[in-house]
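J.: Shown below is the structure under consideration.
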Amino acid sequence: MKTITTTAELATYCAQAAKYPYVTVDTEFLRERTYYSKLCLIQLAYMGEGGDDAVLVDPLAEGLDLAPLYELFKDENVVKVFHAARQDLEIFFVDQGIIPKPLFDTQVAAMVCGFGEQAGYETLVRKIAKDNVDKSSRFTDWSRRPLTDAQKTYALADVTHLRVIYENLSAELEKSGRKKWVAEEMAVLNDPATYQADPDNAWKRVKTRTSSGKFLSIVRELARFRELHAKNRNIPRNRVFKDDALVEIASTKPTSEDDLGRSRLLLREARRGDIATGILAAVQAGLNTKPKDAPRIDASREKLQVNPALADMLRVLVKSAADNEGVAQKLIANSADLDAIAGGLRDVAALSGWRKEVFGADALRLCDGKIGLAVKGEKVVTFTL
């Protein structure tokens, strides 16, 4: 098990990897005590069965520069293969603004190939690579050095098994003609906006039952302050204050530190100092927001009069189509979209330009204002909505 600790070693490995059609990638990181993930280990593997085709890269090694790896990420002749890539990609994007291209996520591909909604890595190893993963090192502290042999073995398995999984899924997609499906589903992963947390939209993650414009204005300002404060100090959002405290503050509208001191949910350190000052300023900014500038919750779906019989029938149709086509159900339509359709809405993803060019006659069609299940070219069930 080779561990790369110098830039020269990394450059040599990446130059060799660039000769192959793909490289598998995984990371180990910590995020419990920081806003940004702390990268602790990178695992890489290219095609081959020798001792040097799979390595560990130690980003904590003094003087190591990841520039050779980022050059490999930019090489469009080499497919970069991840499993459940979202958090891995965020690390590299935050560090260098890079999204590896071309990108292949085996979790997404597994959905297209009939392995369920969110196929876990262990499941794919067991079903495709015919092996098992030792989970004992999963939750260890990856920032501590030296790494144990057990940690190294566990980490390396994440990319060596991934080669078999990738080759199997890639061949299946080629055979079924569904490569476009994977590319379509990975559009979010390839979008830089996915990894850019907008403080102005942070309020949308806060769950609240109140739709008052004034209340939501305060929520927005508090969430914006928390996001910026956590980001600037590289601490978790909850270390500033938690969502329940945010909602409490938006409800009580404190105007002084004495008012904050009476909060039931606010952390002690947030009742004084910079956080307290930021909270009070955010509350005041929310109160000063003009009604026309207040945020609004889209309540259209909450007011839907859903036809339960139609919603149930749609679910049956989707399940039937998914089973027949060997794909995850949410690739056809998710539960919220089906309820929206059954409630009369048409501006939903499942009805907008549905995959006419890739879904054949043996699939559920959600397009052109109709829902039908086509079997061997003959529609056996059709709803006109």
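If you're wondering about the labels, chains in the structure tokens are A, B, ... by order shown, residues count from 1 in each chain, ligands from 1 in order shown.
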With a distance cut-off of 8 Å and only C-alpha atoms, select the neighbouring residues of stretch 265-274 of chain A, excluding the residue or stretch itself and same-chain residues fewer than 2 positions from it, and output the selection as an NGL selection string.
T.: :A and (240-242 or 244-245 or 248 or 257 or 260-261 or 263 or 276-278)
J.: Could you tell me which of A:Val164, A:Ala193, A:Leu72, A:Met1 comes closest to A:Phe93 if we count only C-alpha atoms?
T.: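 So, comparing all the options, the nearest one is A:Ala193.
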J.: Using only C-alpha atoms, which residues sit within 12 Å of A:Lys231 once same-chain residues fewer than 2 positions away are excluded, as a list in words?
T.: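 Contacts, with the query itself left out: Thr34, Tyr35, Tyr36, Ser37, Val94, Gln196, Ala197, Asp198, Pro199, Arg224, Phe225, Arg226, Glu227, Leu228, His229, Arg233, Asn234, Ile235, Pro236, Arg237, Asn238, Arg239 and Val240 of chain A.
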J.: Using 8 Å as the limit and counting only C-alpha atoms, can you tabulate each residue of stretch 147-181 of chain A that touches stretch 130-137 of chain A, with its shortest atom-to-atom distance in Å and the two atoms involved, as a Markdown table?
T.:
| residue | atom | partner | partner_atom | distance |
| --- | --- | --- | --- | --- |
| A:Ala150 | CA | A:Ser137 | CA | 6.8 |
| A:Gln151 | CA | A:Ser137 | CA | 5.5 |
| A:Tyr154 | CA | A:Asp134 | CA | 6.5 |
| A:Ala157 | CA | A:Val133 | CA | 7.5 |
J.: Which one of A:Lys74, A:Arg262, A:Arg31, A:Lys101 sits closest to A:Gln87 if you count only C-alpha atoms?
T.: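 The shortest atom-to-atom distance to A:Gln87 comes from A:Arg31.
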J.: Select, from A:Ala67, A:Ile279, A:Leu189, A:Ile165, the residue with the minimum atom-to-atom distance to A:Leu124, counting only C-alpha atoms.
T.: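 The answer is A:Ile165, which sits nearest to A:Leu124.
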